[in-house]
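Asks: The following file, upload-v3.cif, comprises mmCIF, C-alpha atoms:
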```
data_target
loop_
_atom_site.label_atom_id
_atom_site.label_comp_id
_atom_site.auth_asym_id
_atom_site.auth_seq_id
_atom_site.Cartn_x
_atom_site.Cartn_y
_atom_site.Cartn_z
CA MET A 295 0.00 0.00 0.00
CA GLY A 296 1.46 3.32 -1.02
CA ILE A 297 0.16 6.75 -0.07
CA ILE A 298 1.58 9.66 -1.99
CA SER A 299 1.41 13.41 -1.53
CA LYS A 300 3.50 16.54 -1.47
CA TYR A 301 1.72 17.55 1.70
CA LEU A 302 2.68 14.90 4.23
CA ARG A 303 3.51 17.71 6.61
CA ASP A 304 1.68 20.40 8.61
CA HIS A 305 -0.93 21.01 5.96
CA THR A 306 -4.60 20.19 5.68
CA ILE A 307 -3.80 17.11 3.62
CA GLY A 308 -1.21 15.94 6.09
CA ARG A 309 -3.46 16.47 9.07
CA LEU A 310 -6.28 14.57 7.40
CA ALA A 311 -3.99 11.65 6.55
CA GLN A 312 -2.16 11.25 9.86
CA GLY A 313 -4.73 8.90 11.30
CA LEU A 314 -4.91 6.85 8.13
CA ALA A 315 -1.19 6.21 8.26
CA ALA A 316 -1.28 5.33 11.92
CA GLN A 317 -4.48 3.31 11.99
CA LEU A 318 -4.43 1.33 8.77
CA PRO A 319 -4.40 -2.26 9.98
CA ARG A 320 -0.80 -3.43 9.76
CA GLY A 321 -1.82 -7.05 9.75
CA ASP A 322 -3.32 -6.47 6.33
CA PHE A 323 -1.17 -3.72 4.87
CA HIS A 324 2.47 -2.87 4.46
CA LEU A 325 2.38 0.91 4.26
CA THR A 326 4.82 2.93 2.18
CA LEU A 327 4.56 6.69 2.40
CA LEU A 328 5.77 8.49 -0.70
CA SER A 329 6.54 12.07 0.19
CA VAL A 330 7.27 14.55 -2.57
CA ALA A 331 9.68 17.19 -1.28
CA PRO A 332 9.27 16.02 2.33
CA GLY A 333 9.15 18.58 5.10
CA ARG A 334 10.59 18.53 8.58
CA ASP A 335 7.82 19.72 10.84
CA GLU A 336 5.90 17.94 13.56
CA VAL A 337 3.43 16.29 11.22
CA ALA A 338 6.16 15.20 8.79
CA GLU A 339 7.95 13.54 11.69
CA PHE A 340 4.72 11.81 12.65
CA PHE A 341 4.51 10.28 9.20
CA ARG A 342 8.12 9.13 9.30
CA THR A 343 7.40 7.15 12.43
CA HIS A 344 3.97 5.81 11.49
CA CYS A 345 4.62 3.76 8.40
CA ASP A 346 6.56 0.72 7.35
CA GLN A 347 8.58 2.63 4.81
CA PHE A 348 9.02 6.36 4.24
CA ILE A 349 10.40 7.31 0.87
CA PRO A 350 11.20 10.84 -0.34
CA VAL A 351 10.12 11.23 -3.94
CA PRO A 352 12.32 13.38 -6.17
CA ASN A 353 10.87 16.09 -8.36
CA ASN A 354 12.57 14.51 -11.36
CA LEU A 355 9.71 12.66 -13.01
CA PRO A 356 11.55 9.77 -14.72
CA GLN A 357 13.44 9.06 -11.50
CA ALA A 358 10.27 9.31 -9.46
CA ARG A 359 8.34 6.98 -11.74
CA LYS A 360 11.07 4.35 -11.67
CA LEU A 361 11.44 4.63 -7.93
CA ILE A 362 7.75 4.05 -7.35
CA ALA A 363 7.35 1.35 -9.96
CA ASP A 364 10.25 -0.62 -8.50
CA LEU A 365 8.39 -0.79 -5.20
CA LYS A 366 5.78 -3.00 -6.89
CA LEU A 367 2.98 -1.62 -4.81
CA ASP A 368 -0.48 -3.14 -5.07
CA VAL A 369 -2.27 0.14 -4.46
CA ILE A 370 -1.28 3.78 -4.76
CA TYR A 371 -3.50 6.26 -2.98
CA TYR A 372 -3.17 9.83 -4.22
CA LEU A 373 -4.35 12.06 -1.42
CA ASP A 374 -4.70 15.29 -3.37
CA LEU A 375 -4.49 14.69 -7.07
CA GLY A 376 -4.56 18.02 -8.84
CA MET A 377 -2.91 20.14 -6.18
CA ASP A 378 0.63 19.43 -7.22
CA PRO A 379 2.04 18.95 -10.73
CA VAL A 380 4.48 16.22 -9.70
CA THR A 381 1.89 13.85 -8.28
CA TYR A 382 -0.54 14.71 -11.04
CA THR A 383 1.98 13.81 -13.69
CA LEU A 384 2.98 10.63 -11.89
CA ALA A 385 -0.63 9.53 -11.94
CA LEU A 386 -0.55 9.53 -15.72
CA SER A 387 1.60 6.42 -15.51
CA ARG A 388 0.44 3.03 -14.38
CA LEU A 389 2.64 2.61 -11.32
CA ALA A 390 0.43 0.10 -9.49
CA PRO A 391 -2.45 -2.15 -10.51
CA MET A 392 -4.87 -0.06 -8.50
CA GLN A 393 -4.50 3.70 -8.39
CA CYS A 394 -6.94 5.73 -6.33
CA ALA A 395 -7.62 9.38 -5.77
CA THR A 396 -9.66 10.95 -3.02
CA TRP A 397 -11.20 14.22 -1.93
CA GLY A 398 -8.04 15.94 -0.73
CA HIS A 399 -8.67 17.68 -4.01
CA PRO A 400 -12.37 17.07 -4.51
CA VAL A 401 -12.64 16.72 -8.25
CA THR A 402 -12.06 13.99 -10.75
CA SER A 403 -8.51 13.59 -11.98
CA GLY A 404 -9.65 13.07 -15.53
CA ILE A 405 -6.87 10.51 -15.87
CA THR A 406 -7.61 7.07 -17.25
CA THR A 407 -4.87 5.44 -15.18
CA VAL A 408 -6.58 6.48 -11.95
CA ASP A 409 -9.06 3.72 -11.32
CA TYR A 410 -11.08 4.75 -8.29
CA PHE A 411 -12.11 7.92 -6.54
CA ILE A 412 -12.65 7.25 -2.85
CA SER A 413 -15.46 9.34 -1.43
CA ALA A 414 -18.26 8.88 1.07
CA GLN A 415 -22.01 8.58 0.87
CA GLY A 416 -22.65 11.91 2.52
CA LEU A 417 -20.37 13.76 0.14
CA GLU A 418 -21.92 12.68 -3.11
CA PRO A 419 -25.30 13.68 -4.51
CA ASP A 420 -27.24 11.32 -6.73
CA GLY A 421 -25.70 10.82 -10.13
CA SER A 422 -22.28 12.14 -9.23
CA GLN A 423 -20.58 9.19 -10.90
CA SER A 424 -21.18 11.01 -14.15
CA GLN A 425 -18.72 13.68 -13.02
CA PHE A 426 -15.84 11.27 -12.53
CA THR A 427 -13.62 9.44 -14.95
CA GLU A 428 -12.71 7.14 -12.07
CA LYS A 429 -15.11 4.60 -10.66
CA LEU A 430 -16.63 6.40 -7.73
CA VAL A 431 -16.49 4.54 -4.41
CA THR A 432 -18.81 5.90 -1.75
CA LEU A 433 -17.86 4.48 1.63
CA LYS A 434 -20.41 4.64 4.39
CA ASP A 435 -18.10 6.84 6.47
CA LEU A 436 -15.27 9.24 5.80
CA ALA A 437 -11.98 7.39 5.55
CA VAL A 438 -10.44 9.83 7.98
CA TYR A 439 -9.19 9.22 11.48
CA TYR A 440 -8.76 12.75 12.73
CA TYR A 441 -6.99 13.44 15.97
CA ARG A 442 -8.90 15.69 18.31
CA PRO A 443 -7.28 19.12 18.16
CA VAL A 444 -6.00 20.55 21.40
CA LEU A 445 -6.41 24.20 22.21
CA GLU A 446 -3.48 25.08 24.39
CA GLY A 447 -3.59 27.62 27.18
CA PRO A 448 -6.92 28.84 28.50
CA GLN A 449 -9.91 26.58 28.23
CA ALA A 450 -11.95 27.00 25.10
CA GLY A 451 -14.78 28.81 26.81
CA ALA A 452 -12.44 31.32 28.37
CA ALA A 453 -10.66 31.77 25.10
CA ALA A 454 -13.92 32.40 23.33
CA SER A 455 -14.97 35.13 25.71
CA ALA A 456 -11.59 36.72 26.33
CA ASP A 457 -10.10 36.54 22.89
CA ARG A 458 -12.52 38.10 20.45
CA PHE A 459 -9.85 39.49 18.20
CA GLY A 460 -10.62 42.97 19.33
CA LEU A 461 -14.24 42.80 18.24
CA PRO A 462 -17.22 44.08 20.26
CA ALA A 463 -18.23 41.78 23.07
CA ASP A 464 -21.90 41.89 22.12
CA ALA A 465 -21.32 41.12 18.45
CA ASN A 466 -22.46 37.85 16.95
CA LEU A 467 -19.40 36.48 15.23
CA TYR A 468 -19.91 34.48 12.07
CA GLY A 469 -16.68 32.87 11.00
CA CYS A 470 -15.78 31.50 7.62
CA PRO A 471 -12.00 31.21 7.88
CA GLN A 472 -11.51 29.49 4.55
CA SER A 473 -9.22 30.13 1.62
CA LEU A 474 -10.74 33.03 -0.24
CA TYR A 475 -10.72 31.23 -3.57
CA LYS A 476 -13.49 29.05 -2.17
CA PHE A 477 -15.92 31.95 -2.06
CA HIS A 478 -18.17 31.24 -4.99
CA PRO A 479 -20.23 34.24 -6.14
CA GLU A 480 -23.42 32.44 -5.14
CA PHE A 481 -22.19 32.41 -1.55
CA ASP A 482 -22.40 36.20 -1.45
CA ALA A 483 -26.18 36.08 -1.19
CA VAL A 484 -25.91 33.87 1.89
CA LEU A 485 -23.32 36.02 3.59
CA GLY A 486 -25.17 39.22 2.79
CA GLY A 487 -28.42 37.70 3.98
CA ILE A 488 -26.92 36.75 7.33
CA LEU A 489 -25.53 40.19 7.96
CA ARG A 490 -28.77 41.88 6.98
CA ALA A 491 -30.75 39.58 9.25
CA ASP A 492 -28.47 40.09 12.22
CA ALA A 493 -27.65 43.72 12.89
CA LYS A 494 -25.05 42.63 15.46
CA GLY A 495 -23.49 40.14 13.11
CA ILE A 496 -19.87 40.45 12.06
CA LEU A 497 -18.41 38.13 9.47
CA LEU A 498 -14.81 37.06 10.02
CA LEU A 499 -12.74 35.92 7.10
CA LEU A 500 -9.14 34.87 7.05
CA ALA A 501 -6.61 36.95 5.16
CA ALA A 502 -5.20 35.40 2.03
CA PRO A 503 -1.51 34.85 1.39
CA TYR A 504 -1.79 37.16 -1.61
CA LYS A 505 -3.35 40.60 -1.29
CA GLU A 506 -4.70 40.34 -4.84
CA TRP A 507 -7.15 37.68 -3.70
CA GLN A 508 -8.56 40.00 -1.07
CA GLN A 509 -8.73 42.95 -3.43
CA ALA A 510 -10.63 40.95 -5.99
CA LEU A 511 -13.04 39.55 -3.44
CA TRP A 512 -13.69 42.94 -1.87
CA GLN A 513 -14.35 44.42 -5.27
CA ARG A 514 -16.99 41.78 -5.72
CA PHE A 515 -18.45 42.28 -2.24
CA ASN A 516 -18.71 45.98 -3.04
CA ARG A 517 -20.97 45.05 -5.91
CA THR A 518 -22.98 42.30 -4.22
CA MET A 519 -23.38 43.52 -0.63
CA PRO A 520 -22.29 47.15 -0.35
CA ASP A 521 -24.77 47.75 2.49
CA VAL A 522 -23.08 45.29 4.88
CA ILE A 523 -19.50 45.11 3.67
CA GLY A 524 -18.46 47.27 6.61
CA ARG A 525 -19.18 44.34 8.91
CA ILE A 526 -16.87 41.93 7.15
CA ARG A 527 -13.48 41.75 8.81
CA LEU A 528 -10.29 40.14 7.66
CA ILE A 529 -8.36 38.41 10.41
CA PRO A 530 -4.61 38.05 9.84
CA ARG A 531 -3.43 34.58 8.99
CA GLN A 532 -3.00 32.47 12.10
CA ASP A 533 -0.82 29.61 13.21
CA ARG A 534 -2.62 26.44 14.20
CA GLN A 535 -3.32 27.55 17.75
CA GLY A 536 -4.45 30.95 16.57
CA PHE A 537 -6.78 29.31 14.10
CA LEU A 538 -8.32 27.18 16.82
CA ARG A 539 -8.78 30.25 19.00
CA LEU A 540 -10.40 32.10 16.13
CA ASN A 541 -12.87 29.28 15.70
CA ALA A 542 -13.51 29.19 19.42
CA ALA A 543 -14.30 32.89 19.38
CA CYS A 544 -16.99 32.54 16.72
CA ASP A 545 -20.64 32.03 17.52
CA VAL A 546 -21.39 30.31 14.22
CA LEU A 547 -19.02 28.76 11.71
CA LEU A 548 -19.99 28.75 8.08
CA ASP A 549 -19.00 26.34 5.36
CA PRO A 550 -18.77 27.88 1.88
CA LEU A 551 -21.17 26.84 -0.83
CA HIS A 552 -19.89 24.50 -3.53
CA PHE A 553 -16.31 24.26 -2.24
CA GLY A 554 -16.52 23.50 1.43
CA GLY A 555 -13.98 23.02 4.12
CA GLY A 556 -12.06 19.84 4.69
CA GLN A 557 -10.07 19.77 7.87
CA TYR A 558 -11.85 22.92 9.02
CA ASP A 559 -15.12 21.16 9.67
CA LEU A 560 -13.37 18.53 11.69
CA ARG A 561 -11.11 20.64 13.84
CA SER A 562 -13.36 23.60 14.44
CA PRO A 563 -15.70 22.12 17.02
CA GLY A 564 -12.98 20.11 18.66
CA HIS A 565 -12.13 22.37 21.49
CA GLY A 566 -15.05 21.92 23.77
CA ASN A 567 -17.41 24.68 22.76
CA ALA A 568 -20.00 22.54 21.07
CA GLY A 569 -22.78 24.40 22.79
CA ARG A 570 -21.52 27.62 21.35
CA ASP A 571 -20.70 27.06 17.74
CA ALA A 572 -21.24 24.42 15.14
CA PRO A 573 -19.90 23.74 11.70
CA ILE A 574 -22.51 24.12 9.02
CA GLY A 575 -22.54 22.53 5.63
CA ASN A 576 -21.96 19.37 3.73
CA ALA A 577 -18.70 18.42 5.37
CA ALA A 578 -20.20 18.93 8.80
CA ARG A 579 -23.02 16.60 7.91
CA GLU A 580 -20.61 14.05 6.59
CA ALA A 581 -18.52 14.35 9.71
CA GLY A 582 -21.42 13.16 11.77
CA VAL A 583 -23.52 16.22 12.54
CA GLN A 584 -26.91 14.72 11.91
CA ASP A 585 -29.22 17.69 11.86
CA VAL A 586 -27.75 19.98 9.24
CA PRO A 587 -30.68 20.69 6.94
CA ASP A 588 -30.26 19.92 3.27
CA ASP A 589 -31.33 23.44 2.40
CA TRP A 590 -29.17 25.06 5.04
CA ALA A 591 -28.22 27.95 2.79
CA ASP A 592 -31.48 28.49 1.00
CA GLY A 593 -32.99 30.69 3.64
CA PHE A 594 -30.33 33.31 3.16
CA CYS A 595 -30.85 33.68 -0.50
CA GLY A 596 -34.46 34.67 -0.20
CA GLU A 597 -37.29 34.84 2.24
CA ARG A 598 -36.01 33.17 5.40
CA PRO A 599 -32.94 35.04 6.48
CA GLY A 600 -32.94 33.76 10.04
CA ARG A 601 -32.64 30.13 9.31
CA LEU A 602 -28.93 29.52 9.37
CA CYS A 603 -28.45 30.97 12.81
CA ALA A 604 -31.13 28.65 14.13
CA ALA A 605 -29.64 25.69 12.33
CA GLY A 606 -26.23 26.39 13.73
CA ARG A 607 -27.37 26.55 17.26
CA ARG A 608 -29.50 23.47 16.86
CA SER A 609 -26.52 21.48 15.67
CA GLY A 610 -24.44 22.66 18.56
CA ASP A 611 -27.06 21.83 21.12
CA GLY A 612 -27.94 18.52 19.54
CA MET B 17 -18.76 15.95 22.29
CA ALA B 18 -21.79 13.74 22.01
CA ALA B 19 -23.14 16.04 19.32
CA TYR B 20 -20.37 14.94 16.96
CA PRO B 21 -20.17 11.19 17.37
CA ALA B 22 -18.11 10.55 14.26
CA LEU B 23 -15.78 13.49 14.23
CA PHE B 24 -12.67 12.37 15.99
CA GLU B 25 -10.49 9.31 16.03
CA ASN B 26 -13.09 7.21 14.29
CA GLN B 27 -11.81 3.94 12.89
CA SER B 28 -14.84 2.90 10.88
CA GLY B 29 -14.03 4.74 7.65
CA ILE B 30 -10.43 3.55 7.73
CA ASN B 31 -11.63 -0.02 8.09
CA GLN B 32 -14.05 0.39 5.19
CA LEU B 33 -11.30 1.76 3.00
CA GLY B 34 -8.99 -1.07 3.97
CA GLU B 35 -11.61 -3.66 3.16
CA PHE B 36 -12.21 -2.06 -0.21
CA TRP B 37 -8.53 -2.01 -1.06
CA LYS B 38 -8.08 -5.61 -0.05
CA SER B 39 -11.05 -6.78 -2.05
CA VAL B 40 -9.88 -5.10 -5.24
CA ALA B 41 -6.13 -5.43 -4.86
CA ASP B 42 -6.30 -9.17 -4.44
CA SER B 43 -8.17 -9.53 -7.68
CA LEU B 44 -5.81 -7.22 -9.54
CA ARG B 45 -2.50 -8.51 -8.30
CA SER B 46 -1.78 -10.51 -11.42
CA VAL B 47 -2.72 -7.58 -13.60
CA ALA B 48 -0.47 -5.32 -11.61
CA LEU B 49 2.69 -7.21 -12.29
CA LYS B 50 1.90 -7.29 -15.95
CA CYS B 51 1.27 -3.58 -16.06
CA ILE B 52 4.41 -2.65 -14.28
CA LYS B 53 6.53 -4.84 -16.50
CA GLN B 54 5.17 -3.20 -19.60
CA PRO B 55 7.05 -0.19 -20.90
CA VAL B 56 4.34 2.16 -19.77
CA LEU B 57 6.79 4.19 -17.78
CA SER B 58 9.15 4.99 -20.58
CA ASP B 59 6.81 4.86 -23.51
CA GLN B 60 6.75 8.05 -25.54
CA GLU B 61 8.54 10.10 -22.97
CA GLY B 62 9.53 13.56 -23.93
CA PRO B 63 8.81 17.17 -23.16
CA ALA B 64 5.20 18.03 -22.75
CA TYR B 65 3.44 21.23 -22.01
CA LEU B 66 1.28 21.45 -18.95
CA PHE B 67 -1.37 24.02 -19.52
CA PHE B 68 -3.28 25.50 -16.63
CA GLN B 69 -6.30 27.69 -16.92
CA SER B 70 -7.88 29.39 -13.97
CA ARG B 71 -10.77 31.67 -13.34
CA ALA B 72 -10.15 34.64 -11.07
CA LEU B 73 -12.65 35.85 -8.52
CA ASP B 74 -13.77 38.61 -10.85
CA GLY B 75 -14.49 36.08 -13.57
CA SER B 76 -11.47 36.80 -15.74
CA MET B 77 -9.48 33.90 -17.09
CA SER B 78 -5.77 33.43 -16.82
CA HIS B 79 -3.46 30.87 -18.35
CA ARG B 80 -0.07 29.51 -17.52
CA THR B 81 1.97 27.07 -19.47
CA PHE B 82 4.86 25.00 -18.20
CA LEU B 83 7.32 22.87 -20.05
CA THR B 84 7.80 19.68 -18.10
CA GLU B 85 10.79 17.68 -19.11
CA GLY B 86 10.34 13.96 -19.18
CA CYS B 87 6.61 14.04 -18.93
CA PRO B 88 4.84 11.26 -20.78
CA ARG B 89 3.09 12.53 -23.86
CA SER B 90 -0.19 11.65 -22.29
CA GLY B 91 0.46 14.78 -20.31
CA TYR B 92 -0.99 16.63 -23.25
CA ALA B 93 -4.33 15.47 -22.01
CA ILE B 94 -4.01 17.97 -19.23
CA GLY B 95 -3.99 20.84 -21.64
CA GLN B 96 -6.84 19.40 -23.58
CA GLY B 97 -8.96 19.42 -20.46
#
```
Can the structure from this file be put into structure tokens for me?
Replies:
Amino acid sequence: MGIISKYLRDHTIGRLAQGLAAQLPRGDFHLTLLSVAPGRDEVAEFFRTHCDQFIPVPNNLPQARKLIADLKLDVIYYLDLGMDPVTYTLALSRLAPMQCATWGHPVTSGITTVDYFISAQGLEPDGSQSQFTEKLVTLKDLAVYYYRPVLEGPQAGAAASADRFGLPADANLYGCPQSLYKFHPEFDAVLGGILRADAKGILLLLAAPYKEWQQALWQRFNRTMPDVIGRIRLIPRQDRQGFLRLNAACDVLLDPLHFGGGQYDLRSPGHGNAGRDAPIGNAAREAGVQDVPDDWADGFCGERPGRLCAAGRRSGDG
Amino acid sequence: MAAYPALFENQSGINQLGEFWKSVADSLRSVALKCIKQPVLSDQEGPAYLFFQSRALDGSMSHRTFLTEGCPRSGYAIGQG
């Protein structure tokens, strides 16, 4: 069994795959981790010590292909096909009899030598096989063993009340700390609807690594929700602990339409404030939150602007 | 965290994935060896252009093209969508 990625380090992909590496039954599998340009952080070290074989993969494609083929693996599992040109190009070759992709990058590879796309029942609408060149495999549960995140320092509740990122204490904080490229234009109606429905609402977004992303998005917000754009705040990029504290500070966490969170929906409610906030959206539902309504966003695009707030609280209390 | 019964440290999905892999890999093992022994890896190697197209937040399109040495010619499929 080989698992390959460029992101077997402190990265969303790495965090999502840690448990898989550690928990895959060793009686049945010999696990080789293939790390493109391996890192040296805490998560990378975890991978090095939780596999049967850890192999750095060179960027040189012919060398990389030969290296992997010589391993004679039965299965290669591409964690994030499409996010990195090296792994994407490797997948064009038949390096193992079974080659699988999964939702680290949640779209078909379009490559005929990738046989299966591993997904889960709750992630796929009816008929989604038609959108994949791979044979779509919908497991009953997410194939993720995610370690409970630990918020260091003050307890989560204290952090939530004391650390509001300088925002008014009586504000209702709606957080959507996702990469800004995930903000589909149709999501604007939801965000605008929330802020119009809640006069005390403040929407917190996470700054992008490139200022151009923010400029472009704000230009769009100026067109789509000029009346409430003043209550959208950009929070500087955070380290892992800062990110957890940001989530703890929010009253409601939002999952973007169409391109939702991955690790975010798993780690956000993990610091003990389940009565306070709740992840909303498809990934939250898949992660086991049972009462996320199918039409969770619809109310904010039209006549029922109060619905999401109620749904969020209901999930948290449930 | 009773509200999120499946969120953390849940083995069930891993087990399902493992069972799937075992069921398919066993049946394909003979095929695998044949595939790997075939000259798939070196067949038609040569430079290929990787062509990326992206849509910016404002709707504009941008394109980037890379020359990737040693890429199999099937890499052209990337550019063709």
Asks: For the structure provided, state which residues fall under the PyMOL selection byres ((chain A) within 7 of (chain B)), and present them as number ranges by chain.
Replies: A: 314, 318, 355-356, 359, 363, 368-369, 383, 386-392, 433, 435-442, 510-511, 514, 560, 568, 581-583, 610, 612
Asks: Rounded to one decimal, what separation in Å do you get between atom CA of Gly404 of chain A and atom CA of His324 of chain A?
Replies: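 Computing it gives 28.3 Å between the two atoms.
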Asks: Residues near Ser473 of chain A, anyone? I mean within 9 Å using all atoms listed in the file, not counting same-chain ones fewer than 4 positions away, as a CSV table (one decimal) with C-alpha atoms, in the frame of the given file.
Replies:
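As written to disk, around-v7.csv reads:
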```csv
chain,number,residue,atom,x,y,z
A,477,PHE,CA,-15.9,32.0,-2.1
A,499,LEU,CA,-12.7,35.9,7.1
A,500,LEU,CA,-9.1,34.9,7.0
A,501,ALA,CA,-6.6,37.0,5.2
A,502,ALA,CA,-5.2,35.4,2.0
A,555,GLY,CA,-14.0,23.0,4.1
```
Asks: So how many Å separate atom CA of Arg534 of chain A and atom CA of Thr381 of chain A, to one decimal?
Replies: 26.2 Å
Asks: Record the distance separating atom CA of Cys394 of chain A and atom CA of Asp304 of chain A, expressed in Å with one decimal.
Replies: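 Atom-to-atom, atom CA of Cys394 of chain A to atom CA of Asp304 of chain A, that is 22.6 Å.
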Asks: To verify the selection step, state as a ChimeraX atom specification which residues the PyMOL selection byres ((chain A and resi 471) around 12) yields on this input.
Replies: /A:467-470,472-477,497-502,526-532,536-544,546-550,554-559,562,573
Asks: Tell me which of A:Pro520, A:Gly308, A:Pro462, A:Gly321 sits closest to Phe341 of chain A, counting all atoms listed in the file.
Replies: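 Residue with the minimum atom-to-atom distance to Phe341 of chain A: A:Gly308.
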Asks: Would you kindly translate the PyMOL selection byres ((chain A and resi 406-423) around 6) into the concrete residues it picks from this file, as a PyMOL selection string?
Replies: chain A and resi 386+388+393-396+405+424-426+428-436+580
Asks: Around segment 470-474 of chain A, with edges along x, y and z and 5 Å added on all six sides, what centre and edge lengths do you get, in Å to one decimal, as AutoDock Vina command-line options?
Replies:
```
--center_x -12.5 --center_y 31.3 --center_z 3.8 --size_x 16.6 --size_y 13.5 --size_z 18.1
```
Asks: Closest to Phe481 of chain A among A:Phe323, A:Phe515, A:Tyr382, A:Trp397, using all atoms listed in the file?
Replies: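 Closest candidate: A:Phe515.
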Asks: Write out N, CA and C atoms for segment 507-526 of chain A, as a PDB file, keeping the file's coordinate frame.
Replies:
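Written out: rebuild13.pdb:
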```pdb
ATOM      1  N   TRP A 507      -5.928  38.454  -3.930  1.00  0.00           N
ATOM      2  CA  TRP A 507      -7.150  37.680  -3.700  1.00  0.00           C
ATOM      3  C   TRP A 507      -8.161  38.524  -2.922  1.00  0.00           C
ATOM      4  N   GLN A 508      -7.666  39.186  -1.904  1.00  0.00           N
ATOM      5  CA  GLN A 508      -8.560  40.000  -1.070  1.00  0.00           C
ATOM      6  C   GLN A 508      -9.121  41.170  -1.863  1.00  0.00           C
ATOM      7  N   GLN A 509      -8.264  41.807  -2.638  1.00  0.00           N
ATOM      8  CA  GLN A 509      -8.730  42.950  -3.430  1.00  0.00           C
ATOM      9  C   GLN A 509      -9.827  42.533  -4.386  1.00  0.00           C
ATOM     10  N   ALA A 510      -9.628  41.409  -5.021  1.00  0.00           N
ATOM     11  CA  ALA A 510     -10.630  40.950  -5.990  1.00  0.00           C
ATOM     12  C   ALA A 510     -11.942  40.605  -5.296  1.00  0.00           C
ATOM     13  N   LEU A 511     -11.825  39.937  -4.147  1.00  0.00           N
ATOM     14  CA  LEU A 511     -13.040  39.550  -3.440  1.00  0.00           C
ATOM     15  C   LEU A 511     -13.779  40.778  -2.918  1.00  0.00           C
ATOM     16  N   TRP A 512     -13.031  41.717  -2.414  1.00  0.00           N
ATOM     17  CA  TRP A 512     -13.690  42.940  -1.870  1.00  0.00           C
ATOM     18  C   TRP A 512     -14.331  43.758  -2.984  1.00  0.00           C
ATOM     19  N   GLN A 513     -13.708  43.751  -4.136  1.00  0.00           N
ATOM     20  CA  GLN A 513     -14.350  44.420  -5.270  1.00  0.00           C
ATOM     21  C   GLN A 513     -15.700  43.781  -5.558  1.00  0.00           C
ATOM     22  N   ARG A 514     -15.719  42.484  -5.468  1.00  0.00           N
ATOM     23  CA  ARG A 514     -16.990  41.780  -5.720  1.00  0.00           C
ATOM     24  C   ARG A 514     -17.999  42.055  -4.613  1.00  0.00           C
ATOM     25  N   PHE A 515     -17.549  41.983  -3.354  1.00  0.00           N
ATOM     26  CA  PHE A 515     -18.450  42.280  -2.240  1.00  0.00           C
ATOM     27  C   PHE A 515     -19.024  43.695  -2.364  1.00  0.00           C
ATOM     28  N   ASN A 516     -18.224  44.605  -2.872  1.00  0.00           N
ATOM     29  CA  ASN A 516     -18.710  45.980  -3.040  1.00  0.00           C
ATOM     30  C   ASN A 516     -19.858  46.042  -4.037  1.00  0.00           C
ATOM     31  N   ARG A 517     -19.866  45.096  -4.943  1.00  0.00           N
ATOM     32  CA  ARG A 517     -20.970  45.050  -5.910  1.00  0.00           C
ATOM     33  C   ARG A 517     -22.158  44.286  -5.349  1.00  0.00           C
ATOM     34  N   THR A 518     -21.887  43.205  -4.593  1.00  0.00           N
ATOM     35  CA  THR A 518     -22.980  42.300  -4.220  1.00  0.00           C
ATOM     36  C   THR A 518     -23.572  42.598  -2.844  1.00  0.00           C
ATOM     37  N   MET A 519     -22.836  43.228  -1.971  1.00  0.00           N
ATOM     38  CA  MET A 519     -23.380  43.520  -0.630  1.00  0.00           C
ATOM     39  C   MET A 519     -22.777  44.806  -0.073  1.00  0.00           C
ATOM     40  N   PRO A 520     -22.902  45.894  -0.808  1.00  0.00           N
ATOM     41  CA  PRO A 520     -22.290  47.150  -0.350  1.00  0.00           C
ATOM     42  C   PRO A 520     -22.869  47.646   0.972  1.00  0.00           C
ATOM     43  N   ASP A 521     -24.109  47.254   1.276  1.00  0.00           N
ATOM     44  CA  ASP A 521     -24.770  47.750   2.490  1.00  0.00           C
ATOM     45  C   ASP A 521     -24.220  47.119   3.764  1.00  0.00           C
ATOM     46  N   VAL A 522     -23.564  45.970   3.665  1.00  0.00           N
ATOM     47  CA  VAL A 522     -23.080  45.290   4.880  1.00  0.00           C
ATOM     48  C   VAL A 522     -21.583  45.010   4.829  1.00  0.00           C
ATOM     49  N   ILE A 523     -20.916  45.451   3.803  1.00  0.00           N
ATOM     50  CA  ILE A 523     -19.500  45.110   3.670  1.00  0.00           C
ATOM     51  C   ILE A 523     -18.671  45.667   4.831  1.00  0.00           C
ATOM     52  N   GLY A 524     -19.177  46.699   5.459  1.00  0.00           N
ATOM     53  CA  GLY A 524     -18.460  47.270   6.610  1.00  0.00           C
ATOM     54  C   GLY A 524     -18.401  46.335   7.798  1.00  0.00           C
ATOM     55  N   ARG A 525     -19.204  45.304   7.797  1.00  0.00           N
ATOM     56  CA  ARG A 525     -19.180  44.340   8.910  1.00  0.00           C
ATOM     57  C   ARG A 525     -18.510  43.025   8.507  1.00  0.00           C
ATOM     58  N   ILE A 526     -17.707  43.093   7.511  1.00  0.00           N
ATOM     59  CA  ILE A 526     -16.870  41.930   7.150  1.00  0.00           C
ATOM     60  C   ILE A 526     -15.434  42.286   7.509  1.00  0.00           C
TER      61      ILE A 526
END
```
